[in-house]
$ cat query-v1.txt   # compact mmCIF, C-alpha atoms and all ligand atoms
# COMPACT_ATOMS: atom_id res chain seq x y z
CA MET O 16 0.00 0.00 0.00
CA LYS O 17 1.21 3.55 -0.79
CA LYS O 18 0.09 6.45 1.38
CA ASN O 19 0.96 10.12 1.75
CA ILE O 20 1.10 11.30 5.33
CA ALA O 21 1.28 14.97 6.35
CA VAL O 22 3.43 15.39 9.46
CA LEU O 23 2.97 18.57 11.51
CA PRO O 24 5.49 18.28 14.36
CA GLY O 25 4.66 21.66 15.99
CA ASP O 26 6.43 22.87 19.11
CA GLY O 27 8.13 21.70 22.31
CA ILE O 28 8.11 17.91 22.53
CA GLY O 29 5.90 17.79 19.39
CA PRO O 30 8.86 17.28 17.00
CA GLU O 31 10.47 14.74 19.37
CA VAL O 32 7.42 12.49 19.57
CA ALA O 33 6.43 13.01 15.92
CA LYS O 34 9.88 11.80 14.86
CA GLY O 35 9.28 8.68 16.95
CA ALA O 36 5.92 7.96 15.30
CA VAL O 37 7.43 8.41 11.83
CA GLU O 38 10.17 5.88 12.70
CA ILE O 39 7.60 3.40 13.92
CA LEU O 40 5.54 3.81 10.74
CA GLY O 41 8.77 3.32 8.80
CA ALA O 42 9.32 0.02 10.63
CA ILE O 43 5.75 -1.04 9.84
CA GLY O 44 6.31 -0.14 6.19
CA GLU O 45 9.47 -2.24 6.17
CA ARG O 46 7.83 -5.23 7.83
CA TYR O 47 4.65 -5.28 5.76
CA GLY O 48 5.91 -3.82 2.48
CA HIS O 49 4.03 -0.49 2.54
CA LYS O 50 5.39 2.76 1.19
CA PHE O 51 4.60 5.71 3.39
CA THR O 52 5.69 9.15 2.13
CA PHE O 53 6.00 11.77 4.86
CA ARG O 54 5.63 15.45 3.96
CA TYR O 55 6.26 17.99 6.66
CA GLY O 56 4.32 21.17 7.43
CA GLN O 57 4.47 23.97 9.96
CA ILE O 58 1.85 24.61 12.62
CA GLY O 59 1.72 26.51 15.92
CA GLY O 60 4.56 28.59 17.33
CA SER O 61 7.15 27.38 14.84
CA ALA O 62 4.80 28.45 12.02
CA ILE O 63 4.34 31.87 13.64
CA ASP O 64 8.11 32.29 13.79
CA ARG O 65 8.60 31.29 10.19
CA HIS O 66 5.46 32.49 8.43
CA GLY O 67 3.81 34.90 10.89
CA ASN O 68 0.77 32.59 10.94
CA PRO O 69 -0.05 29.63 13.24
CA LEU O 70 -1.63 27.77 10.31
CA PRO O 71 -0.10 28.81 6.98
CA ASP O 72 -2.08 28.12 3.78
CA GLU O 73 0.74 25.81 2.61
CA THR O 74 0.12 23.59 5.65
CA LEU O 75 -3.60 23.35 4.96
CA ALA O 76 -2.92 22.61 1.29
CA LEU O 77 -0.43 19.89 2.26
CA CYS O 78 -2.99 18.30 4.58
CA ARG O 79 -5.69 18.37 1.90
CA GLN O 80 -3.35 16.58 -0.52
CA SER O 81 -2.50 13.86 2.00
CA ASP O 82 -4.23 10.63 3.01
CA ALA O 83 -3.91 11.32 6.74
CA ILE O 84 -2.32 13.80 9.13
CA LEU O 85 -0.05 13.28 12.14
CA LEU O 86 0.25 16.19 14.56
CA GLY O 87 2.70 16.51 17.47
CA ALA O 88 1.70 19.39 19.76
CA VAL O 89 1.65 23.18 19.69
CA GLY O 90 2.32 26.01 22.12
CA GLY O 91 4.84 27.19 24.65
CA PRO O 92 5.76 30.11 26.87
CA LYS O 93 7.55 31.91 24.02
CA TRP O 94 4.18 32.75 22.46
CA ASP O 95 2.02 33.01 25.60
CA GLN O 96 1.86 36.80 25.51
CA ASN O 97 1.05 37.00 21.80
CA PRO O 98 -2.28 38.52 20.76
CA PRO O 99 -4.98 35.85 20.24
CA GLU O 100 -4.55 35.47 16.46
CA TYR O 101 -0.80 34.91 16.91
CA ARG O 102 -1.12 32.16 19.48
CA PRO O 103 -0.01 28.65 18.50
CA GLU O 104 -3.27 27.14 19.81
CA GLN O 105 -5.19 29.12 17.17
CA GLY O 106 -3.45 27.02 14.53
CA LEU O 107 -4.78 23.87 16.14
CA LEU O 108 -8.33 25.19 16.45
CA LYS O 109 -8.23 26.42 12.87
CA ILE O 110 -7.05 23.13 11.36
CA ARG O 111 -9.81 21.29 13.26
CA LYS O 112 -12.42 23.73 11.92
CA GLU O 113 -11.08 23.96 8.37
CA LEU O 114 -10.88 20.19 7.96
CA ASN O 115 -14.16 19.68 9.82
CA LEU O 116 -12.55 17.34 12.35
CA TYR O 117 -15.68 17.23 14.47
CA ALA O 118 -15.08 14.07 16.50
CA ASN O 119 -12.10 13.47 18.74
CA MET O 120 -11.79 9.91 20.01
CA ARG O 121 -9.78 9.49 23.16
CA PRO O 122 -9.58 5.82 24.21
CA ILE O 123 -8.59 5.09 27.80
CA ASN O 124 -7.11 1.62 28.13
CA TYR O 125 -5.47 0.15 31.12
CA TYR O 126 -2.00 -1.45 30.97
CA ALA O 127 -1.43 -4.27 33.43
CA SER O 128 2.27 -3.45 33.69
CA LEU O 129 1.56 0.20 34.54
CA LEU O 130 -0.81 -0.44 37.42
CA GLU O 131 1.85 0.69 39.88
CA SER O 132 2.46 3.93 37.95
CA SER O 133 -0.95 5.39 38.73
CA PRO O 134 -1.57 7.11 42.05
CA LEU O 135 -4.93 5.32 42.08
CA LYS O 136 -5.58 1.94 43.62
CA LYS O 137 -4.95 -1.10 41.44
CA GLU O 138 -8.45 -2.52 42.16
CA ILE O 139 -10.01 0.66 40.81
CA ILE O 140 -8.16 0.94 37.51
CA GLU O 141 -7.80 -2.72 36.57
CA GLU O 142 -9.71 -3.60 33.37
CA THR O 143 -10.57 0.03 32.66
CA ASP O 144 -11.50 0.40 29.00
CA PHE O 145 -13.60 3.31 27.79
CA LEU O 146 -13.76 5.83 25.01
CA ILE O 147 -14.25 9.57 25.33
CA VAL O 148 -15.96 10.97 22.24
CA ARG O 149 -15.24 14.67 22.41
CA GLU O 150 -17.09 17.11 20.13
CA LEU O 151 -14.25 19.10 18.56
CA THR O 152 -15.49 21.90 16.31
CA GLY O 153 -18.19 23.60 18.36
CA GLY O 154 -19.07 24.66 21.89
CA LEU O 155 -17.22 27.14 24.02
CA TYR O 156 -14.07 27.10 21.86
CA PHE O 157 -15.77 28.43 18.76
CA GLY O 158 -18.90 30.37 19.86
CA LYS O 159 -19.12 34.07 19.05
CA PRO O 160 -18.76 36.55 20.62
CA SER O 161 -15.47 35.66 22.23
CA GLU O 162 -13.82 38.91 23.17
CA ARG O 163 -12.73 41.52 25.68
CA THR O 164 -15.42 44.11 26.05
CA TYR O 165 -16.89 46.90 28.17
CA ARG O 166 -20.30 46.72 29.77
CA ASP O 167 -21.69 49.54 31.86
CA GLY O 168 -18.24 51.09 31.78
CA MET O 169 -16.64 47.99 33.27
CA GLU O 170 -14.02 45.87 31.57
CA ALA O 171 -15.41 42.41 30.88
CA ALA O 172 -14.74 39.29 28.82
CA VAL O 173 -17.15 37.00 27.05
CA ASP O 174 -17.03 33.51 25.53
CA THR O 175 -20.09 31.84 24.08
CA LEU O 176 -21.17 28.23 24.38
CA TYR O 177 -23.05 27.76 21.11
CA TYR O 178 -24.22 24.50 19.56
CA GLU O 179 -26.50 23.86 16.64
CA ARG O 180 -28.84 20.92 17.11
CA GLU O 181 -27.42 19.20 14.03
CA GLU O 182 -23.87 19.41 15.41
CA VAL O 183 -24.97 17.68 18.57
CA LYS O 184 -26.88 15.07 16.60
CA ARG O 185 -23.83 14.31 14.46
CA ILE O 186 -21.50 13.59 17.40
CA MET O 187 -24.24 11.78 19.31
CA LYS O 188 -24.94 9.41 16.39
CA LEU O 189 -21.25 8.62 16.13
CA ALA O 190 -21.07 7.89 19.86
CA PHE O 191 -24.02 5.49 19.61
CA GLU O 192 -22.53 3.80 16.54
CA LEU O 193 -19.27 3.27 18.42
CA ALA O 194 -21.00 2.13 21.59
CA SER O 195 -22.88 -0.50 19.61
CA THR O 196 -19.51 -2.00 18.59
CA ARG O 197 -18.28 -1.82 22.20
CA ASN O 198 -20.15 -2.52 25.42
CA GLN O 199 -23.44 -0.90 24.42
CA LYS O 200 -23.50 1.93 26.90
CA VAL O 201 -23.39 5.68 26.26
CA THR O 202 -22.81 8.13 29.09
CA SER O 203 -23.74 11.58 27.85
CA VAL O 204 -21.95 14.16 30.00
CA ASP O 205 -23.39 17.65 30.32
CA LYS O 206 -24.33 20.42 32.75
CA ALA O 207 -28.07 20.34 32.09
CA ASN O 208 -28.91 21.60 35.58
CA VAL O 209 -27.50 24.99 34.53
CA LEU O 210 -26.79 25.34 30.80
CA GLU O 211 -29.35 25.65 28.01
CA SER O 212 -26.87 24.15 25.54
CA SER O 213 -26.70 21.09 27.81
CA ARG O 214 -30.48 20.81 27.98
CA MET O 215 -30.55 20.65 24.18
CA TRP O 216 -27.61 18.18 24.30
CA ARG O 217 -29.69 15.91 26.58
CA GLU O 218 -32.79 16.12 24.36
CA VAL O 219 -30.73 15.14 21.33
CA ALA O 220 -29.18 12.24 23.22
CA GLU O 221 -32.69 10.92 24.04
CA GLU O 222 -33.80 11.36 20.45
CA VAL O 223 -30.79 9.55 18.95
CA ALA O 224 -31.03 6.77 21.56
CA LYS O 225 -34.39 5.72 20.08
CA ASP O 226 -32.54 4.48 16.97
CA TYR O 227 -30.24 2.30 19.08
CA PRO O 228 -32.48 0.19 21.34
CA GLU O 229 -29.59 -2.16 22.16
CA VAL O 230 -27.53 0.72 23.62
CA THR O 231 -28.22 1.97 27.14
CA LEU O 232 -28.12 5.75 27.55
CA GLU O 233 -27.35 7.47 30.81
CA HIS O 234 -26.90 11.16 31.51
CA MET O 235 -24.31 12.42 33.93
CA LEU O 236 -23.50 15.94 35.10
CA VAL O 237 -19.93 16.87 34.31
CA ASP O 238 -18.89 17.61 37.89
CA ASN O 239 -20.10 14.20 38.99
CA ALA O 240 -18.44 12.61 35.93
CA ALA O 241 -15.10 14.13 36.97
CA MET O 242 -15.44 12.38 40.32
CA GLN O 243 -16.79 9.07 38.95
CA LEU O 244 -13.86 8.78 36.52
CA ILE O 245 -11.52 8.44 39.46
CA LYS O 246 -13.81 6.60 41.82
CA ASN O 247 -15.26 3.97 39.54
CA PRO O 248 -13.90 4.21 35.97
CA ARG O 249 -15.05 0.70 35.05
CA GLN O 250 -18.68 1.89 34.89
CA PHE O 251 -17.90 3.74 31.61
CA ASP O 252 -17.97 2.43 28.08
CA THR O 253 -18.52 5.38 25.72
CA ILE O 254 -18.61 8.92 27.07
CA VAL O 255 -19.87 11.63 24.72
CA THR O 256 -19.45 15.25 25.65
CA GLU O 257 -19.02 18.88 24.70
CA ASN O 258 -15.67 20.20 23.46
CA MET O 259 -14.29 21.71 26.66
CA PHE O 260 -15.74 19.11 29.03
CA GLY O 261 -14.05 16.45 26.88
CA ASP O 262 -10.74 18.30 26.97
CA ILE O 263 -10.71 18.42 30.75
CA LEU O 264 -12.09 14.94 31.44
CA SER O 265 -9.57 13.29 29.13
CA ASP O 266 -6.53 14.83 30.82
CA GLU O 267 -8.03 13.67 34.09
CA ALA O 268 -8.58 10.18 32.70
CA SER O 269 -4.91 9.94 31.72
CA VAL O 270 -4.13 9.46 35.41
CA LEU O 271 -5.75 6.02 35.13
CA THR O 272 -3.06 4.96 32.65
CA GLY O 273 -0.24 6.45 34.71
CA SER O 274 0.75 9.34 32.43
CA LEU O 275 -0.57 11.94 30.02
CA GLY O 276 2.13 10.65 27.70
CA MET O 277 0.13 7.43 27.17
CA LEU O 278 -3.08 8.77 25.62
CA PRO O 279 -3.54 8.87 21.85
CA SER O 280 -6.38 10.46 19.93
CA ALA O 281 -7.97 10.50 16.50
CA SER O 282 -9.79 13.55 15.18
CA LEU O 283 -12.28 12.39 12.57
CA SER O 284 -14.01 14.25 9.78
CA GLU O 285 -16.89 13.31 7.49
CA SER O 286 -14.67 13.69 4.42
CA GLY O 287 -12.38 10.79 5.38
CA LEU O 288 -9.31 12.98 5.92
CA HIS O 289 -8.51 12.40 9.60
CA LEU O 290 -5.89 13.82 11.96
CA TYR O 291 -4.07 11.85 14.66
CA GLU O 292 -2.57 13.56 17.69
CA PRO O 293 -1.63 12.71 21.27
CA ILE O 294 -3.89 14.37 23.84
CA HIS O 295 -0.94 16.01 25.59
CA GLY O 296 0.60 19.37 24.83
CA SER O 297 4.08 20.63 24.01
CA ALA O 298 5.33 20.01 27.59
CA PRO O 299 7.71 23.00 27.76
CA ASP O 300 9.05 21.74 31.10
CA ILE O 301 10.73 18.74 29.43
CA ALA O 302 11.06 19.89 25.81
CA GLY O 303 14.41 19.47 24.05
CA ARG O 304 15.69 16.95 26.61
CA ASN O 305 14.86 13.66 24.91
CA LYS O 306 12.67 12.85 27.93
CA ALA O 307 9.13 12.81 26.56
CA ASN O 308 7.09 9.64 26.43
CA PRO O 309 6.50 8.99 22.70
CA ILE O 310 3.83 6.31 23.28
CA ALA O 311 0.76 8.61 23.00
CA MET O 312 2.02 9.73 19.59
CA ILE O 313 2.98 6.21 18.52
CA LEU O 314 -0.45 4.88 19.51
CA SER O 315 -2.01 7.76 17.56
CA SER O 316 -0.14 6.56 14.48
CA ALA O 317 -1.45 3.03 15.14
CA SER O 318 -4.93 4.51 15.14
CA MET O 319 -4.11 6.11 11.79
CA LEU O 320 -3.12 2.73 10.35
CA ARG O 321 -6.42 1.27 11.49
CA HIS O 322 -8.92 4.06 10.84
CA SER O 323 -7.46 5.83 7.80
CA PHE O 324 -5.78 2.94 5.99
CA GLY O 325 -7.74 -0.10 7.20
CA LEU O 326 -4.45 -1.75 8.27
CA GLU O 327 -5.83 -3.67 11.23
CA GLU O 328 -2.97 -6.13 11.64
CA GLU O 329 -0.33 -3.42 11.35
CA ALA O 330 -2.11 -1.34 14.00
CA ASP O 331 -2.31 -4.38 16.28
CA THR O 332 1.42 -4.96 15.76
CA VAL O 333 2.26 -1.44 16.94
CA GLU O 334 -0.05 -1.69 19.95
CA GLN O 335 1.30 -5.11 20.84
CA ALA O 336 4.90 -3.89 20.55
CA VAL O 337 4.11 -1.06 22.96
CA ARG O 338 2.57 -3.51 25.42
CA SER O 339 5.54 -5.87 25.20
CA ILE O 340 8.04 -3.10 25.85
CA LEU O 341 6.06 -1.89 28.85
CA ASP O 342 5.69 -5.47 30.10
CA SER O 343 9.46 -5.86 29.89
CA GLY O 344 9.79 -2.95 32.33
CA ARG O 345 11.10 -0.29 29.97
CA ARG O 346 9.76 3.17 30.85
CA THR O 347 10.34 6.83 30.02
CA ALA O 348 10.86 9.24 32.94
CA ASP O 349 7.14 9.99 33.43
CA LEU O 350 6.56 6.32 34.30
CA ALA O 351 9.94 5.17 35.58
CA GLY O 352 9.51 6.11 39.25
CA SER O 353 12.81 5.36 40.94
CA GLY O 354 13.96 3.12 38.04
CA ILE O 355 16.40 4.17 35.35
CA PRO O 356 14.38 5.88 32.62
CA TYR O 357 14.62 5.31 28.89
CA SER O 358 15.02 8.43 26.78
CA THR O 359 12.48 9.22 24.05
CA SER O 360 14.77 7.89 21.34
CA GLU O 361 15.65 4.74 23.31
CA MET O 362 11.96 4.02 23.80
CA VAL O 363 11.24 4.50 20.09
CA GLU O 364 14.17 2.25 19.20
CA ALA O 365 12.95 -0.46 21.59
CA ILE O 366 9.44 -0.42 20.10
CA LYS O 367 10.89 -0.40 16.58
CA GLU O 368 13.09 -3.39 17.32
CA GLU O 369 10.14 -5.20 18.79
CA ILE O 370 8.18 -4.61 15.59
CA LEU O 371 10.98 -5.77 13.30
CA GLN O 372 12.20 -8.61 15.49
CA LYS O 373 8.74 -10.22 15.61
CA ASP O 374 8.90 -10.50 11.88
CA ALA O 375 12.21 -12.37 12.17
CA ILE O 376 10.72 -14.75 14.73
CA VAL O 377 7.81 -15.59 12.42
CA HIS O 378 10.28 -16.45 9.62
CA ILE O 379 12.29 -18.74 11.87
CA MET O 380 9.12 -20.56 12.97
CA ASP O 381 8.01 -20.93 9.34
CA ALA O 382 11.31 -22.50 8.38
CA TYR O 383 11.10 -24.91 11.32
CA ALA O 384 7.55 -25.98 10.44
N1 LIG V 401 -2.77 19.23 21.25
C1 LIG V 401 -1.92 20.18 21.58
O1 LIG V 401 -1.13 20.64 20.77
C2 LIG V 401 -1.91 20.68 22.99
C3 LIG V 401 -2.55 19.99 24.02
C4 LIG V 401 -2.46 20.48 25.32
C5 LIG V 401 -1.74 21.62 25.58
N2 LIG V 401 -1.14 22.27 24.55
C6 LIG V 401 -0.26 23.44 24.79
O2 LIG V 401 0.95 22.95 25.35
C7 LIG V 401 1.51 23.97 26.19
C8 LIG V 401 1.84 23.38 27.55
O3 LIG V 401 0.63 23.05 28.20
P1 LIG V 401 0.53 22.27 29.59
O4 LIG V 401 1.85 22.29 30.25
O5 LIG V 401 -0.65 22.76 30.29
O6 LIG V 401 0.16 20.77 29.16
P2 LIG V 401 1.09 19.60 28.62
O7 LIG V 401 0.20 18.51 28.19
O8 LIG V 401 2.05 20.11 27.61
O9 LIG V 401 1.94 19.13 29.90
C9 LIG V 401 1.33 18.83 31.16
C10 LIG V 401 2.29 17.98 32.00
O10 LIG V 401 2.38 16.67 31.45
C11 LIG V 401 3.68 16.34 31.07
N3 LIG V 401 3.66 15.66 29.77
C12 LIG V 401 2.88 15.96 28.72
N4 LIG V 401 3.13 15.15 27.69
C13 LIG V 401 4.10 14.31 28.10
C14 LIG V 401 4.80 13.25 27.47
N5 LIG V 401 4.54 12.85 26.21
N6 LIG V 401 5.75 12.61 28.19
C15 LIG V 401 6.02 12.96 29.46
N7 LIG V 401 5.38 13.96 30.11
C16 LIG V 401 4.44 14.64 29.42
C17 LIG V 401 4.43 17.67 30.95
O11 LIG V 401 5.81 17.51 31.15
C18 LIG V 401 3.72 18.51 32.01
O12 LIG V 401 4.30 18.29 33.25
C19 LIG V 401 0.49 25.09 26.24
O13 LIG V 401 0.89 26.07 25.31
C20 LIG V 401 -0.80 24.44 25.78
O14 LIG V 401 -1.69 25.32 25.15
C21 LIG V 401 -1.19 21.82 23.27
C1 LIG V 402 -4.18 23.34 23.01
C2 LIG V 402 -5.66 23.26 23.17
C3 LIG V 402 -6.33 24.21 22.24
C4 LIG V 402 -6.19 21.83 22.98
C5 LIG V 402 -7.68 21.78 23.28
O1 LIG V 402 -8.14 22.27 24.30
O2 LIG V 402 -8.40 21.22 22.45
C6 LIG V 402 -5.54 20.75 23.83
O3 LIG V 402 -5.71 20.97 25.18
C7 LIG V 402 -6.06 19.39 23.41
O4 LIG V 402 -6.54 18.67 24.28
O5 LIG V 402 -5.95 19.04 22.23
MG MG V 403 -6.28 19.24 26.23
$ encode --input "query-v1.txt" --output "structure tokens" --more "lines below"
Ligand SMILES: NC(=O)c1ccc[n+]([C@@H]2O[C@H](COP(=O)([O-])OP(=O)(O)OC[C@H]3O[C@@H](n4cnc5c(N)ncnc54)[C@H](O)[C@@H]3O)[C@@H](O)[C@H]2O)c1
Ligand SMILES: CC(C)[C@H](C(=O)O)[C@@H](O)C(=O)O
Ligand SMILES: [Mg+2]
Amino acid sequence: MKKNIAVLPGDGIGPEVAKGAVEILGAIGERYGHKFTFRYGQIGGSAIDRHGNPLPDETLALCRQSDAILLGAVGGPKWDQNPPEYRPEQGLLKIRKELNLYANMRPINYYASLLESSPLKKEIIEETDFLIVRELTGGLYFGKPSERTYRDGMEAAVDTLYYEREEVKRIMKLAFELASTRNQKVTSVDKANVLESSRMWREVAEEVAKDYPEVTLEHMLVDNAAMQLIKNPRQFDTIVTENMFGDILSDEASVLTGSLGMLPSASLSESGLHLYEPIHGSAPDIAGRNKANPIAMILSSASMLRHSFGLEEEADTVEQAVRSILDSGRRTADLAGSGIPYSTSEMVEAIKEEILQKDAIVHIMDAYA
């Protein structure tokens, strides 16, 4: 198979982890005979520095000409004081909107060998396996007005939580579709005791649920959901929620896996051009030190193999290689505790070797048989 992949490394640890994912995809290409062509584009702070724009037109054009997109992370203190349109995060919001990447899937899987890395009790996190379906192109991030203003002579600021019914219906349908291939339960998370947008969200959830009689729907207020995620995460199968609620709940959920550096995501569009990104940011506190955990980014590329290219076995191979390396006790600094940590590049190398070495083992077994 031949595929063109747009790689947008971004800022901070973005380029470090993106490089790792590209190497892993290279190893998959080598093992299975695929030809992946990687074309690089600028986004975020590095794009501001070079082009004066957090999402240059060339980057969007590159993405549109590609079969899938890999994105590292954007942002950092260097640009924190920039005016809003010159902030790296604007590049990320714009690419999501421009490419209509309305659904962000954030799977939370537990790793037996990382049970000790979480501050939570083993009995609570064992067997955790749920999916957060985060609406990504609406809600509080995109509603207008969003500005600094004056009211009654007082300085004020306003952001708007705006959803169209159809936008809610679209994400809700996807959540039900996914839940029907999982454990048949949707938890719709909102703040319907206060927000009108949440009351509409709830109505739509009820309406869509009628088309999926095999799926159980429950509603949960977001503040309670934040608590339940830590107290009893096994109750969840598919969580569907508004853009900002999903952002916050998913970082919280990363604690169940032991590190933010473990969680991948896929941002899906209706057009079939999808973007794959870890849920973490540019981690300025560790950037440039070869310390970042590349696994979230590597698992995002596995998701790309599966969802964009239909390469199920190849995706399984990457995920299995990650599990084997973790099972063998190898850890980056975020998970190493008092053990000796692997650097980012050592971790990538270990996973790569695992992928290629398995191939060799299969050949030896074939010859023996
Ligand atoms: N998708 C994105 O591009 C994205 C996501 C979140 C934050 N950001 C941006 O990143 C910048 C920093 O934000 P922040 O510090 O609040 O969040 P962050 O996710 O960058 O980091 C939070 C903490 O987690 C750690 N961490 C994150 N990823 C890690 C990894 N792969 N391996 C090991 N440790 C990791 C960091 O070292 C830090 O201590 C901000 O500019 C923010 O806007 C971007
Ligand atoms: C950087 C920021 C705009 C982004 C978001 O809130 O969507 C990030 O936190 C994420 O989770 O991808
Ligand atoms: Mg976030």
$ residues_around --input "query-v1.txt" --residues "Tyr125 in chain O" --least-positions-apart "6" --cutoff "9 Å" --atoms "only C-alpha atoms" --output "PyMOL selection string"
chain O and resi 140-144+271-273
$ write_last_selection --input "query-v1.txt" --atoms "C-alpha atoms" --output "mmCIF file, keeping the file's coordinate frame"
data_model
loop_
_atom_site.group_PDB
_atom_site.id
_atom_site.type_symbol
_atom_site.label_atom_id
_atom_site.label_comp_id
_atom_site.auth_asym_id
_atom_site.auth_seq_id
_atom_site.Cartn_x
_atom_site.Cartn_y
_atom_site.Cartn_z
ATOM 1 C CA ILE O 140 -8.160 0.940 37.510
ATOM 2 C CA GLU O 141 -7.800 -2.720 36.570
ATOM 3 C CA GLU O 142 -9.710 -3.600 33.370
ATOM 4 C CA THR O 143 -10.570 0.030 32.660
ATOM 5 C CA ASP O 144 -11.500 0.400 29.000
ATOM 6 C CA LEU O 271 -5.750 6.020 35.130
ATOM 7 C CA THR O 272 -3.060 4.960 32.650
ATOM 8 C CA GLY O 273 -0.240 6.450 34.710
#
$ closest_atom_pairs --input "query-v1.txt" --of "range 125-169 of chain O" --to "range 250-253 of chain O" --cutoff "7 Å" --atoms "all atoms listed in the file" --output "Markdown table"
| residue | atom | partner | partner_atom | distance |
| --- | --- | --- | --- | --- |
| O:Asp144 | CA | O:Asp252 | CA | 6.8 |
| O:Phe145 | CA | O:Asp252 | CA | 4.5 |
| O:Leu146 | CA | O:Thr253 | CA | 4.8 |
| O:Ile147 | CA | O:Thr253 | CA | 6.0 |
$ residues_near_ligand --input "query-v1.txt" --ligand "ligand MG 403 (chain V)" --cutoff "8 Å" --atoms "only C-alpha atoms and all ligand atoms" --output "list of chain:residue names"
O:Asp262, O:Ile263, O:Ser265, O:Asp266, O:Ile294, O:His295, O:Gly296
$ closest_residue --input "query-v1.txt" --among "O:Ala88, O:Ala268, O:Ile310, O:Val230" --to "ligand LIG 402 (chain V)" --atoms "all atoms listed in the file"
O:Ala88
$ atom_distance --input "query-v1.txt" --atom1 "CA of Gly158 in chain O" --atom2 "CA of Val22 in chain O"
28.8 Å
$ residues_near_ligand --input "query-v1.txt" --ligand "ligand LIG 402 (chain V)" --cutoff "10 Å" --atoms "all atoms listed in the file" --output "ChimeraX atom specification"
/O:59,88-91,102-109,111,119,121,149-152,156,258-266,280,282,292-297
$ axis_aligned_box --input "query-v1.txt" --around "ligand LIG 401 (chain V)" --padding-each-side "3 Å" --output "lines of an AutoDock Vina configuration file"
center_x = 1.6
center_y = 19.3
center_z = 27.0
size_x = 14.8
size_y = 19.5
size_z = 18.5
$ atom_distance --input "query-v1.txt" --atom1 "CA of Val255 in chain O" --atom2 "atom O2 of ligand LIG 401 (chain V)"
23.7 Å
$ build_atoms --input "query-v1.txt" --residues "range 290-301 of chain O" --atoms "N, CA and C atoms" --output "PDB file, keeping the file's coordinate frame"
ATOM      1  N   LEU O 290      -7.139  13.349  11.343  1.00  0.00           N
ATOM      2  CA  LEU O 290      -5.890  13.820  11.960  1.00  0.00           C
ATOM      3  C   LEU O 290      -5.653  13.044  13.257  1.00  0.00           C
ATOM      4  N   TYR O 291      -4.401  12.674  13.486  1.00  0.00           N
ATOM      5  CA  TYR O 291      -4.070  11.850  14.660  1.00  0.00           C
ATOM      6  C   TYR O 291      -3.074  12.603  15.527  1.00  0.00           C
ATOM      7  N   GLU O 292      -3.403  12.755  16.799  1.00  0.00           N
ATOM      8  CA  GLU O 292      -2.570  13.560  17.690  1.00  0.00           C
ATOM      9  C   GLU O 292      -2.647  13.013  19.112  1.00  0.00           C
ATOM     10  N   PRO O 293      -1.548  13.088  19.845  1.00  0.00           N
ATOM     11  CA  PRO O 293      -1.630  12.710  21.270  1.00  0.00           C
ATOM     12  C   PRO O 293      -2.513  13.725  21.986  1.00  0.00           C
ATOM     13  N   ILE O 294      -3.028  13.381  23.158  1.00  0.00           N
ATOM     14  CA  ILE O 294      -3.890  14.370  23.840  1.00  0.00           C
ATOM     15  C   ILE O 294      -3.053  15.401  24.593  1.00  0.00           C
ATOM     16  N   HIS O 295      -1.768  15.082  24.807  1.00  0.00           N
ATOM     17  CA  HIS O 295      -0.940  16.010  25.590  1.00  0.00           C
ATOM     18  C   HIS O 295      -0.486  17.210  24.772  1.00  0.00           C
ATOM     19  N   GLY O 296       0.122  18.166  25.482  1.00  0.00           N
ATOM     20  CA  GLY O 296       0.600  19.370  24.830  1.00  0.00           C
ATOM     21  C   GLY O 296       2.090  19.335  24.550  1.00  0.00           C
ATOM     22  N   SER O 297       2.674  20.519  24.432  1.00  0.00           N
ATOM     23  CA  SER O 297       4.080  20.630  24.010  1.00  0.00           C
ATOM     24  C   SER O 297       5.049  20.471  25.172  1.00  0.00           C
ATOM     25  N   ALA O 298       4.528  20.285  26.387  1.00  0.00           N
ATOM     26  CA  ALA O 298       5.330  20.010  27.590  1.00  0.00           C
ATOM     27  C   ALA O 298       6.621  20.831  27.656  1.00  0.00           C
ATOM     28  N   PRO O 299       6.504  22.156  27.755  1.00  0.00           N
ATOM     29  CA  PRO O 299       7.710  23.000  27.760  1.00  0.00           C
ATOM     30  C   PRO O 299       8.687  22.625  28.872  1.00  0.00           C
ATOM     31  N   ASP O 300       8.164  22.068  29.967  1.00  0.00           N
ATOM     32  CA  ASP O 300       9.050  21.740  31.100  1.00  0.00           C
ATOM     33  C   ASP O 300      10.047  20.626  30.786  1.00  0.00           C
ATOM     34  N   ILE O 301       9.778  19.817  29.764  1.00  0.00           N
ATOM     35  CA  ILE O 301      10.730  18.740  29.430  1.00  0.00           C
ATOM     36  C   ILE O 301      11.212  18.811  27.977  1.00  0.00           C
TER      37      ILE O 301
END
